[in-house]
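Down below is the structure, laid out as structure tokens.
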Protein chains: 4
Amino acid sequence: MANSRKLLFVTGTRADFGKLEPLAIAARDAGFAVSFFVTGMHMLDRYGLTKLEVHRTSGVQVHEFLNQREGDPQDMILAKTVMGFSDFVQEHTPDLVIIHGDRVEALACALVCATNYVRCAHIEGGEVSGTIDEIYRHCNSKLATYHFVSSEDAARRVMSLGEAASHIHAIGSPELDFHAGPTGVSLAEVKERYAIPFDDYGICVFHPVTSEAATMGAQAKALFDALDASGRSFVLIAPNNDPGSAAIFERIAQLPADRFRVLPSMRFAHFSELMKNASAMIGNSSAGVREAPFIGIPSLDIGTRQTNRAKAPSVFFADAEETQKISDFLTGEWGKSYPRHDAFGGGSAAERFVSILQSEAFWDAPMQKTFHDAAG
Amino acid sequence: MANSRKLLFVTGTRADFGKLEPLAIAARDAGFAVSFFVTGMHMLDRYGLTKLEVHRTSGVQVHEFLNQREGDPQDMILAKTVMGFSDFVQEHTPDLVIIHGDRVEALACALVCATNYVRCAHIEGGEVSGTIDEIYRHCNSKLATYHFVSSEDAARRVMSLGEAASHIHAIGSPELDFHAGPTGVSLAEVKERYAIPFDDYGICVFHPVTSEAATMGAQAKALFDALDASGRSFVLIAPNNDPGSAAIFERIAQLPADRFRVLPSMRFAHFSELMKNASAMIGNSSAGVREAPFIGIPSLDIGTRQTNRAKAPSVFFADAEETQKISDFLTGEWGKSYPRHDAFGGGSAAERFVSILQSEAFWDAPMQKTFHDAAG
Amino acid sequence: MANSRKLLFVTGTRADFGKLEPLAIAARDAGFAVSFFVTGMHMLDRYGLTKLEVHRTSGVQVHEFLNQREGDPQDMILAKTVMGFSDFVQEHTPDLVIIHGDRVEALACALVCATNYVRCAHIEGGEVSGTIDEIYRHCNSKLATYHFVSSEDAARRVMSLGEAASHIHAIGSPELDFHAGPTGVSLAEVKERYAIPFDDYGICVFHPVTSEAATMGAQAKALFDALDASGRSFVLIAPNNDPGSAAIFERIAQLPADRFRVLPSMRFAHFSELMKNASAMIGNSSAGVREAPFIGIPSLDIGTRQTNRAKAPSVFFADAEETQKISDFLTGEWGKSYPRHDAFGGGSAAERFVSILQSEAFWDAPMQKTFHDAAG
Amino acid sequence: MANSRKLLFVTGTRADFGKLEPLAIAARDAGFAVSFFVTGMHMLDRYGLTKLEVHRTSGVQVHEFLNQREGDPQDMILAKTVMGFSDFVQEHTPDLVIIHGDRVEALACALVCATNYVRCAHIEGGEVSGTIDEIYRHCNSKLATYHFVSSEDAARRVMSLGEAASHIHAIGSPELDFHAGPTGVSLAEVKERYAIPFDDYGICVFHPVTSEAATMGAQAKALFDALDASGRSFVLIAPNNDPGSAAIFERIAQLPADRFRVLPSMRFAHFSELMKNASAMIGNSSAGVREAPFIGIPSLDIGTRQTNRAKAPSVFFADAEETQKISDFLTGEWGKSYPRHDAFGGGSAAERFVSILQSEAFWDAPMQKTFHDAAG
């Protein structure tokens, strides 16, 4: 029977787990046998040992594989993951391996699948970011059997790579599913749990850009000064620990505590509720360009980190040093409401994913692919 | 100075060495410091220990790396090559790594280059073959910095993959360079060395097709019977040892020795001279669809092995069992002469390759690539 | 505080887990932080996926590492385990790693410990078996910091290897701990659970000897014919699946079911209770030469598998073909009772192990070892 | 025929090549097919790319394998060497693998040999040094089939490890073979080539001791001050680059150039001739405790580096700070001549090695070893 088929989701970070979890839960609920192959940063203490979050998912099997130590070069991680996942696939014999995005772990597993003729579905291919990760992402598209992308733009790009249109499914970005329904918590609960005293607030998330590590301190100072000058209140989520984060943390420490509530991280449902009630979103996280437009709040995208990733009318742009532009946004857009922007999905990615997997024809796709040249 | 730059050519088989050698020799003669990283089948006794041919190239350094044992799965070979080549690149610090085609060794080295920001040139990307090798080939294109392709069709396909037109160079297929000039041997010498008694002859090369291993015996019988029935004489080169070869060898053993001269292999210059004087070429080698049209002799491509790879007017097609078609070709085309077909190169690939490398602008290309969407 | 120290037990098979489990439980109960690194056959479906047994142990952490696929050569398993365990030790930072015996996994982990100056305790070193395993066992002794051996003979041999007497502790064989106290089940319960109809019975366990695989069928026939001829009843535990097992299974299938109860395996407590009430033990398992003398029942050791491993007065010897010797044993020794033989331990190995670890001096041992030449 | 047997020597450093080269040359001259597996530091530019010295040996095959990059942990080097050598042994099928000493490369190859039942001879086992290297050395003895040791003390220790006396051959230390005959160069040639202006000179070699890296500067100062104060002349060979070397180099730079001739390294024959004509040897190299007594010149062993390795009457001891002891040695022993000390060999190691290999019985040794308990 179709639904007894074994799906194996590969997760290497909290970020990709956030995308894969709704798909996995929907597949589990539809009767598929769901397992996770947990590796990468999940396994490392210094990144929060987030494998524990995967273990919290009920009704699924979890397989751990430590694939690195601190300081390992990326290609050594790739080689170790290839060896370990190849052994695992021999042992576990999944019917479908699901990988996400652009990390070296996803690439390693896609290589193993292609080499061993194991069906592989790639989530959120076809996007551009202009980094080595983008190269890995497109390789994953070439190696995978199926493509579940977040937008029509992405679908076109995967087609340009030579993939068959019939294997490309624009289901939307899975993390929007969270925002589509009720969060299950009230704003009052969120404010109490995280000690947020404001009624009217913006949200700011500002991560370092690796290739600009040297100027992150100056960028952070310019941005935070502009926010401070507005006199408004902000919930500020701490940056991740990529190179340049120390300089950002230094500036954060100098912000007035009565108008800036700094939080290391938030539970997802609570963060979703907080966004739904925010007056604006500022910074350079993907939440600003993907999730804010879906929810309908105005957002200001700072700097280069999300370049080319956003097109919604509710998204504005400024460099960290463009004080006037920031000020104009905080004045002109604060508290406005936009219609839902669904170019990156309508909040039903998981449902559409499972529905496609439930078709018997899906499983009949030939393993050998042919290049589909563009018409012309 | 530009020409003291270190070029590292990766070779895993006699076949890719045949493509890379003219490029390497031309680069060496232009003053580049040329090395070979020799791995793959070259290192294995059962495949003829062809690393010795690489060592015969004068004026270049040769670095050996054993990356497999018999029976190793492809992904284990990939992992071991990634580890070994990554160590090597740290030690050798090449300015440019040159890989060819679609083997797992080329993919491993392309992965190492992309991950470590080492410039990588890919030879003969953009071609289609409908196998796992094709997937590897396109991944190599995504991972490489520069593309030296054999035809305009291939160039278009690499562009469709999102690569910048300015980094794609259609230099032609390097092995045609051999055929463009005089071979250095006379036909008389060739006939004497290889004991070929015929004045008027065709050349037949018929390799097994892995996915059709079960029927190769029947195919070989049908084809050889048709050749035999023509009453003509043939030089027959033995098949490679992919699965299915035993059945072909069995049929070869039954051919009349006075009209079929069977040779295990030939030196390249001698084979080139033999082709230039042949009345026709029959079989499924790439020489039939690429080199024969360049030389201008008629060729009959048998079966599926070269599907989609040939378009020249001098190339005809038949399945092994289509006796009548084969007979018609041997009657109608035998001895005809065609104008040089140069869609796969004009015989100056090496010269053009070196000329591009001698431009200082070539070396200024940024290591970070961006996806070039097709105009639309 | 001493007891918060992190102990990491390495287990690769059900057999070594049987030895390590009592030590781990006693250490856990004494307040040490206990983890298992589970690898080897435990992880493979075809060997019963016995990692699940380790997971059943409460109050300990379990870390899984898949280190092989079917058909992997031993040295490839060694290399993969070295890489994986080295990464793990960096991440987990154990205060003491505990390995057992002579498997390639134990060797890999001992190598990692020695190389990284991590304290390592080796259980049951100093024993001889005349196989490649023995070589690994002695290497483990050279690589380990501490030695917990089962007998004075073993202690002497570890000393001969140059190890310091002060680091060698003859605590006895841990699996005897199970037999020392009450089993917690009654014989009636055992007989009911396993459908054993006999009141008076012997136990037979006959495993294949790899280097004698060709004659195992003949040996099994001779042995089982002799048991059958005695007219007595036997509980027969199925052999393991080393080469030669098929021939033994073939003979087992021909035994009369009313006097031979064949069981694939038994829970440990039930097997212990069954042994305590048996009239004799026959075969070539280590239980016959180690555990039977401790319990005090007569045992007949068949063939070469346990050569040099037994010295107790209750242990007799015969080759499988020595029908008369077997018959004499079944007549003369059946039902006799011997005093407890404690050369391989007094049933308090776990208690003594923990007591030694609780001494602060234990942890002050220098990591750099010196060779202790024998007095002379 | 015996002499067509394939001998494979494993070399990882210039030091072990110095030991293995005389054995390999003698075996080659006796008709054995000799190959080298060259790996480790030999392959690295920063250690002088000494693989080139191995390539200079005529009449032997050389196989290179890069097994590391700078910064690799020892166990990762071990794992990579195990994988690479295992593949190589499958391909090359040597009749005997010869390893030397105590490096991680030797251990990796010994593990591969033991696991694959390939005969392995270990050179210079049974010695003590009190470091992790010593542990590796004894493991190599347990893993190897044959033992060629340098002294009776070493032979006794290998026997204590349980090895069969019949497989232990005390042939002496191979590097003494160089000193036993004429060097082929005259002292005048040596002095000219290396610009040594002295007629009467001592030789000083002072390497860092890793575990004493912090005090090496002070030790070097004390030692060199004492040498300087003597008013005598010295040829000073530069230290190796273990941790602590920078501080030694700093002191060397301050020595008066007219009485201290500092050389980075010397060709072996020239160094041998220089030693034969020296008035004394001072420092902590093994040459001082092994080769100087064989040649018959007095030597002063400084500090802990050679602890327990020397017993000859011509060897004296002092710590670097014991100025008076050093002064007494330079006064009392300078220029004295001692009878040849041959406890570490008589200069015929290679000849004896080959003679043993030429016996047919040598090759009949069973691959399965048994532990030989000491008599008692």
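Chain identifiers are assigned as A, B, and so on, following the order in which chains appear in the structure tokens; residues are numbered from 1 within each chain, and ligands are numbered from 1 in order of appearance.
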For the interface of chain B with chain D (cut-off 10 Å, counting only C-alpha atoms), please tabulate each contacting residue of chain B alongside its nearest pair of atoms and their separation in Å to one decimal, rows sorted by chain and increasing number, as a tab-separated table.
residue	atom	partner	partner_atom	distance
B:Met43	CA	D:Glu91	CA	8.8
B:Leu44	CA	D:Glu91	CA	6.8
B:Asp45	CA	D:Glu91	CA	7.2
B:Arg46	CA	D:Glu91	CA	9.1
B:His63	CA	D:Glu64	CA	7.9
B:Glu64	CA	D:Glu64	CA	6.5
B:Phe65	CA	D:Phe65	CA	6.2
B:Leu66	CA	D:Gly84	CA	7.0
B:Asn67	CA	D:Gly84	CA	7.3
B:Gln68	CA	D:Asp87	CA	6.1
B:Arg69	CA	D:Asp87	CA	5.3
B:Glu70	CA	D:Gln90	CA	8.5
B:Asp72	CA	D:Asp87	CA	9.8
B:Lys80	CA	D:Met83	CA	8.4
B:Met83	CA	D:Lys80	CA	8.4
B:Gly84	CA	D:Leu66	CA	7.0
B:Phe85	CA	D:Leu66	CA	9.1
B:Ser86	CA	D:Arg69	CA	8.6
B:Asp87	CA	D:Arg69	CA	5.2
B:Phe88	CA	D:Leu66	CA	7.0
B:Val89	CA	D:Arg69	CA	9.4
B:Gln90	CA	D:Arg69	CA	6.8
B:Glu91	CA	D:Leu44	CA	6.8
B:His92	CA	D:Asp45	CA	8.5
Determine, counting only C-alpha atoms, which protein, DNA and RNA residues have an atom within 12 Å of an atom of Met367 in chain B; residues of the same chain fewer than 3 positions away are not included. Present the result as a short mmCIF file (atom, residue, chain, number, x, y, z; two decimals) with all heavy atoms, in the first residue's frame.
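So result.cif came out as:
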data_model
loop_
_atom_site.label_atom_id
_atom_site.label_comp_id
_atom_site.auth_asym_id
_atom_site.auth_seq_id
_atom_site.Cartn_x
_atom_site.Cartn_y
_atom_site.Cartn_z
N GLY A 130 23.41 33.80 -4.37
CA GLY A 130 24.72 34.34 -4.73
C GLY A 130 25.87 33.88 -3.84
O GLY A 130 26.87 34.57 -3.72
N THR A 131 25.75 32.71 -3.22
CA THR A 131 26.81 32.19 -2.37
C THR A 131 27.12 30.76 -2.80
O THR A 131 26.48 30.22 -3.69
CB THR A 131 26.35 32.16 -0.90
OG1 THR A 131 25.20 31.30 -0.84
CG2 THR A 131 25.96 33.54 -0.42
N ILE A 132 28.09 30.18 -2.12
CA ILE A 132 28.40 28.76 -2.39
C ILE A 132 27.17 27.92 -2.11
O ILE A 132 26.92 26.91 -2.80
CB ILE A 132 29.62 28.31 -1.55
CG1 ILE A 132 29.92 26.82 -1.78
CG2 ILE A 132 29.40 28.54 -0.07
CD1 ILE A 132 30.45 26.52 -3.15
N ILE A 135 25.13 27.33 -5.15
CA ILE A 135 25.67 26.29 -6.03
C ILE A 135 25.21 24.91 -5.55
O ILE A 135 24.77 24.07 -6.35
CB ILE A 135 27.22 26.35 -6.02
CG1 ILE A 135 27.72 27.75 -6.36
CG2 ILE A 135 27.79 25.29 -6.94
CD1 ILE A 135 27.29 28.23 -7.70
N LEU B 96 44.54 26.74 -11.14
CA LEU B 96 43.36 26.31 -11.90
C LEU B 96 43.36 24.79 -11.95
O LEU B 96 44.38 24.17 -12.26
CB LEU B 96 43.41 26.87 -13.34
CG LEU B 96 42.21 26.51 -14.23
CD1 LEU B 96 40.95 27.23 -13.76
CD2 LEU B 96 42.51 26.86 -15.69
N CYS B 113 36.92 21.86 -5.28
CA CYS B 113 37.26 23.20 -5.78
C CYS B 113 36.21 24.22 -5.34
O CYS B 113 36.55 25.29 -4.83
CB CYS B 113 37.38 23.19 -7.30
SG CYS B 113 38.87 22.35 -7.89
N ALA B 114 34.93 23.91 -5.56
CA ALA B 114 33.88 24.87 -5.23
C ALA B 114 33.90 25.18 -3.74
O ALA B 114 33.76 26.34 -3.33
CB ALA B 114 32.52 24.31 -5.63
N THR B 115 34.11 24.15 -2.93
CA THR B 115 34.07 24.32 -1.48
C THR B 115 35.25 25.14 -0.97
O THR B 115 35.15 25.83 0.04
CB THR B 115 34.04 22.93 -0.80
OG1 THR B 115 32.94 22.20 -1.34
CG2 THR B 115 33.89 23.04 0.68
N ASN B 116 36.37 25.03 -1.66
CA ASN B 116 37.58 25.72 -1.21
C ASN B 116 37.93 26.94 -2.06
O ASN B 116 39.04 27.45 -1.95
CB ASN B 116 38.75 24.72 -1.21
CG ASN B 116 38.57 23.65 -0.17
OD1 ASN B 116 38.73 23.90 1.02
ND2 ASN B 116 38.20 22.45 -0.60
N TYR B 117 37.00 27.37 -2.89
CA TYR B 117 37.23 28.54 -3.72
C TYR B 117 38.51 28.44 -4.54
O TYR B 117 39.32 29.35 -4.59
CB TYR B 117 37.23 29.82 -2.86
CG TYR B 117 35.89 30.04 -2.20
CD1 TYR B 117 35.64 29.60 -0.92
CD2 TYR B 117 34.85 30.67 -2.89
CE1 TYR B 117 34.40 29.77 -0.32
CE2 TYR B 117 33.61 30.84 -2.30
CZ TYR B 117 33.39 30.40 -1.02
OH TYR B 117 32.16 30.57 -0.45
N VAL B 118 38.67 27.28 -5.17
CA VAL B 118 39.76 27.07 -6.12
C VAL B 118 39.13 27.14 -7.52
O VAL B 118 38.11 26.50 -7.77
CB VAL B 118 40.42 25.69 -5.89
CG1 VAL B 118 41.43 25.39 -7.00
CG2 VAL B 118 41.07 25.64 -4.51
N ARG B 119 39.73 27.92 -8.42
CA ARG B 119 39.19 28.04 -9.76
C ARG B 119 39.20 26.68 -10.47
O ARG B 119 40.18 25.95 -10.40
CB ARG B 119 40.03 29.02 -10.58
CG ARG B 119 39.86 30.43 -10.16
CD ARG B 119 40.88 31.38 -10.81
NE ARG B 119 40.87 32.64 -10.08
CZ ARG B 119 39.92 33.55 -10.22
NH1 ARG B 119 38.94 33.35 -11.08
NH2 ARG B 119 39.95 34.65 -9.50
N CYS B 120 38.13 26.39 -11.15
CA CYS B 120 37.97 25.08 -11.79
C CYS B 120 37.40 25.26 -13.19
O CYS B 120 36.41 25.97 -13.37
CB CYS B 120 37.05 24.22 -10.94
SG CYS B 120 36.68 22.60 -11.64
N LEU B 143 29.32 23.55 -10.51
CA LEU B 143 30.40 23.72 -9.53
C LEU B 143 31.60 24.46 -10.12
O LEU B 143 32.36 25.10 -9.39
CB LEU B 143 30.84 22.35 -9.01
CG LEU B 143 29.79 21.61 -8.17
CD1 LEU B 143 30.11 20.12 -8.08
CD2 LEU B 143 29.67 22.21 -6.76
N ALA B 144 31.79 24.38 -11.43
CA ALA B 144 33.00 24.93 -12.05
C ALA B 144 32.90 26.44 -12.26
O ALA B 144 31.81 27.02 -12.32
CB ALA B 144 33.25 24.24 -13.39
N THR B 145 34.06 27.06 -12.39
CA THR B 145 34.14 28.50 -12.64
C THR B 145 34.06 28.81 -14.14
O THR B 145 33.48 29.80 -14.55
CB THR B 145 35.48 29.05 -12.11
OG1 THR B 145 35.85 28.35 -10.92
CG2 THR B 145 35.40 30.54 -11.82
N TYR B 146 34.70 27.95 -14.94
CA TYR B 146 34.80 28.18 -16.38
C TYR B 146 34.33 26.94 -17.14
O TYR B 146 34.45 25.82 -16.64
CB TYR B 146 36.25 28.45 -16.79
CG TYR B 146 36.94 29.49 -15.97
CD1 TYR B 146 37.84 29.13 -14.97
CD2 TYR B 146 36.73 30.85 -16.20
CE1 TYR B 146 38.49 30.09 -14.21
CE2 TYR B 146 37.39 31.82 -15.45
CZ TYR B 146 38.26 31.43 -14.46
OH TYR B 146 38.92 32.38 -13.72
N HIS B 167 31.77 33.17 -19.35
CA HIS B 167 32.65 32.11 -18.85
C HIS B 167 32.50 30.81 -19.63
O HIS B 167 33.04 29.80 -19.23
CB HIS B 167 32.39 31.87 -17.36
CG HIS B 167 32.94 32.95 -16.50
ND1 HIS B 167 32.86 32.93 -15.13
CD2 HIS B 167 33.60 34.09 -16.82
CE1 HIS B 167 33.42 34.02 -14.65
NE2 HIS B 167 33.88 34.74 -15.64
N PHE B 362 40.93 36.61 -17.70
CA PHE B 362 40.44 35.28 -17.33
C PHE B 362 40.61 35.04 -15.83
O PHE B 362 39.73 34.50 -15.16
CB PHE B 362 41.22 34.22 -18.12
CG PHE B 362 40.85 32.81 -17.80
CD1 PHE B 362 39.80 32.17 -18.45
CD2 PHE B 362 41.57 32.07 -16.85
CE1 PHE B 362 39.46 30.86 -18.17
CE2 PHE B 362 41.24 30.76 -16.57
CZ PHE B 362 40.18 30.16 -17.23
N TRP B 363 41.74 35.47 -15.31
CA TRP B 363 42.09 35.16 -13.91
C TRP B 363 41.46 36.13 -12.93
O TRP B 363 41.59 35.95 -11.72
CB TRP B 363 43.61 35.14 -13.76
CG TRP B 363 44.21 34.12 -14.66
CD1 TRP B 363 44.70 34.31 -15.92
CD2 TRP B 363 44.34 32.72 -14.41
NE1 TRP B 363 45.13 33.13 -16.47
CE2 TRP B 363 44.94 32.14 -15.56
CE3 TRP B 363 44.04 31.89 -13.32
CZ2 TRP B 363 45.21 30.77 -15.65
CZ3 TRP B 363 44.32 30.54 -13.40
CH2 TRP B 363 44.89 29.99 -14.56
N ASP B 364 40.81 37.16 -13.47
CA ASP B 364 40.17 38.12 -12.57
C ASP B 364 38.71 37.78 -12.30
O ASP B 364 38.05 38.49 -11.53
CB ASP B 364 40.24 39.53 -13.19
CG ASP B 364 41.68 40.03 -13.25
OD1 ASP B 364 42.51 39.49 -12.49
OD2 ASP B 364 41.96 40.92 -14.06
N THR B 370 26.86 34.15 -9.93
CA THR B 370 25.43 34.43 -9.80
C THR B 370 24.70 33.70 -10.91
O THR B 370 25.26 33.44 -11.98
CB THR B 370 25.13 35.93 -9.91
OG1 THR B 370 25.81 36.43 -11.07
CG2 THR B 370 25.63 36.68 -8.69
#
Open item on the list: Can you pull out every residue from range 216-326 of chain C that DSSP, working from the backbone, puts in helix (DSSP H, G or I), and format the result as a PyMOL selection string?
Closed with: chain C and resi 216-229+245-252+268-276+286-295+323-326
Task: DSSP-assigned strand (DSSP E) among range 57-157 of chain C, expressed as a VMD selection string - done: chain C and resid 61 to 64 96 to 100 120 to 123 146 to 149
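For Gly345 in chain D, the set of protein, DNA and RNA residues having any atom at most 8 Å away, when counting only C-alpha atoms and skipping those fewer than 5 positions along the same chain, is Ser150, Ser151, Ile171, Gly172, Ser173, Pro174 and Leu176 of chain D.
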Residues as selected, C-alpha atoms, written as a PDB file, in the first residue's frame, can you do that?
ATOM      1  CA  SER D 150      68.260  -3.822  16.980  1.00  0.00           C
ATOM      2  CA  SER D 151      69.408  -5.358  20.282  1.00  0.00           C
ATOM      3  CA  ILE D 171      69.883  -7.965  13.233  1.00  0.00           C
ATOM      4  CA  GLY D 172      71.012  -4.642  14.703  1.00  0.00           C
ATOM      5  CA  SER D 173      70.012  -1.155  13.787  1.00  0.00           C
ATOM      6  CA  PRO D 174      70.131  -0.709   9.982  1.00  0.00           C
ATOM      7  CA  LEU D 176      74.749   1.489  11.567  1.00  0.00           C
TER       8      LEU D 176
END
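Computed from the coordinates, the CA of Phe198 in chain C to CA of Ser233 in chain C distance equals 6.9 Å.
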Open item on the list: Need to verify the contact set: range 298-312 of chain B, 8 Å, only C-alpha atoms, exclusion of same-chain residues closer than 4 positions in sequence. Can you return it as a PyMOL selection string?
Closed with: chain B and resi 127-129+209+279-286+288-290+292-293+316-320+326+329+333-338+341
Please, could you write that set of residues out with N, CA and C atoms as a short mmCIF file (atom, residue, chain, number, x, y, z; two decimals), in the first residue's frame?
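What ended up in result_22.cif:
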data_model
loop_
_atom_site.label_atom_id
_atom_site.label_comp_id
_atom_site.auth_asym_id
_atom_site.auth_seq_id
_atom_site.Cartn_x
_atom_site.Cartn_y
_atom_site.Cartn_z
N GLU B 127 26.62 18.55 -22.37
CA GLU B 127 26.17 17.48 -23.27
C GLU B 127 25.17 16.57 -22.54
N VAL B 128 24.36 15.89 -23.34
CA VAL B 128 23.33 15.03 -22.75
C VAL B 128 23.61 13.57 -23.11
N SER B 129 23.28 12.68 -22.20
CA SER B 129 23.46 11.26 -22.47
C SER B 129 22.40 10.40 -21.78
N VAL B 209 26.29 -2.03 -24.13
CA VAL B 209 25.49 -1.01 -23.46
C VAL B 209 25.03 -1.63 -22.15
N SER B 279 36.84 3.40 -45.58
CA SER B 279 35.70 3.62 -46.48
C SER B 279 34.42 3.86 -45.70
N ALA B 280 34.40 3.43 -44.43
CA ALA B 280 33.23 3.67 -43.60
C ALA B 280 33.55 3.28 -42.16
N MET B 281 32.72 3.78 -41.27
CA MET B 281 32.88 3.48 -39.84
C MET B 281 31.53 2.95 -39.38
N ILE B 282 31.51 1.82 -38.65
CA ILE B 282 30.25 1.23 -38.18
C ILE B 282 30.39 0.90 -36.69
N GLY B 283 29.32 1.11 -35.92
CA GLY B 283 29.36 0.70 -34.51
C GLY B 283 28.72 1.72 -33.61
N ASN B 284 29.17 1.76 -32.36
CA ASN B 284 28.54 2.67 -31.41
C ASN B 284 29.55 3.44 -30.56
N SER B 285 30.75 3.64 -31.10
CA SER B 285 31.74 4.43 -30.35
C SER B 285 31.51 5.91 -30.64
N SER B 286 32.02 6.76 -29.75
CA SER B 286 31.87 8.19 -29.99
C SER B 286 32.71 8.61 -31.20
N GLY B 288 32.66 7.30 -34.00
CA GLY B 288 31.78 7.25 -35.16
C GLY B 288 30.94 8.49 -35.36
N VAL B 289 30.49 9.09 -34.24
CA VAL B 289 29.59 10.25 -34.37
C VAL B 289 30.31 11.58 -34.23
N ARG B 290 31.49 11.56 -33.68
CA ARG B 290 32.22 12.82 -33.48
C ARG B 290 33.39 12.96 -34.45
N ALA B 292 34.49 10.70 -37.03
CA ALA B 292 34.27 10.36 -38.45
C ALA B 292 33.72 11.55 -39.24
N PRO B 293 32.68 12.26 -38.75
CA PRO B 293 32.19 13.43 -39.49
C PRO B 293 33.25 14.51 -39.66
N PHE B 316 24.60 8.01 -40.14
CA PHE B 316 23.34 7.29 -40.34
C PHE B 316 23.07 6.43 -39.11
N PHE B 317 21.85 5.96 -39.01
CA PHE B 317 21.46 5.23 -37.80
C PHE B 317 20.77 3.92 -38.13
N ALA B 318 21.03 2.90 -37.32
CA ALA B 318 20.30 1.64 -37.44
C ALA B 318 20.39 0.90 -36.12
N ASP B 319 19.41 0.10 -35.82
CA ASP B 319 19.55 -0.84 -34.72
C ASP B 319 20.33 -2.04 -35.24
N ALA B 320 20.94 -2.78 -34.32
CA ALA B 320 21.78 -3.91 -34.73
C ALA B 320 20.99 -4.92 -35.55
N ILE B 326 21.50 -1.67 -42.52
CA ILE B 326 22.96 -1.82 -42.47
C ILE B 326 23.49 -2.13 -43.87
N PHE B 329 23.45 0.93 -46.06
CA PHE B 329 24.56 1.83 -45.74
C PHE B 329 25.86 1.34 -46.36
N GLU B 333 26.91 4.09 -49.02
CA GLU B 333 27.80 5.11 -48.48
C GLU B 333 29.27 4.73 -48.57
N TRP B 334 29.54 3.47 -48.71
CA TRP B 334 30.92 2.95 -48.70
C TRP B 334 31.83 3.78 -49.60
N GLY B 335 32.86 4.32 -49.02
CA GLY B 335 33.87 5.03 -49.80
C GLY B 335 33.54 6.48 -50.11
N LYS B 336 32.36 6.94 -49.73
CA LYS B 336 32.02 8.34 -50.00
C LYS B 336 32.87 9.29 -49.15
N SER B 337 32.93 10.53 -49.61
CA SER B 337 33.69 11.52 -48.85
C SER B 337 32.80 12.72 -48.56
N TYR B 338 32.81 13.18 -47.30
CA TYR B 338 31.98 14.30 -46.90
C TYR B 338 32.85 15.50 -46.53
N HIS B 341 32.86 18.20 -40.94
CA HIS B 341 31.77 18.67 -40.08
C HIS B 341 32.39 19.20 -38.78
#
Task: Selection: 12 Å around range 24-36 of chain D, only C-alpha atoms, excl. self and same-chain fewer than 2 positions, as an NGL selection string - done: :D and (1-12 or 16-22 or 38-39 or 42 or 51 or 53-65 or 85 or 88-89 or 92-99 or 174 or 177 or 348-358)
- [ ] Please identify all polymer residues within 12 Å of Met275 in chain C, counting only C-alpha atoms, omitting same-chain residues fewer than 6 positions from it, and present them as a PyMOL selection string.
- [x] chain C and resi 178-179+183+187+190+200-205+234-235+266+268-269+281-282+287-288+291-299+335
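All residues of protein, DNA or RNA that reach within 12 Å of Pro243 in chain B, judged by only C-alpha atoms and not counting those fewer than 4 positions away in the chain, are His207, Pro208, Val209, Thr210, Ser211, Glu212, Ala213, Ala214, Thr215, Met216, Gly217, Pro239, Ala247, Ile248 and Phe249 of chain B.
Put simply, CA of Glu250 in chain B is 14.1 Å away from CA of Ile237 in chain B.
A straight line drawn from CA of Gly40 in chain B to CA of Ala79 in chain C is 20.8 Å long.
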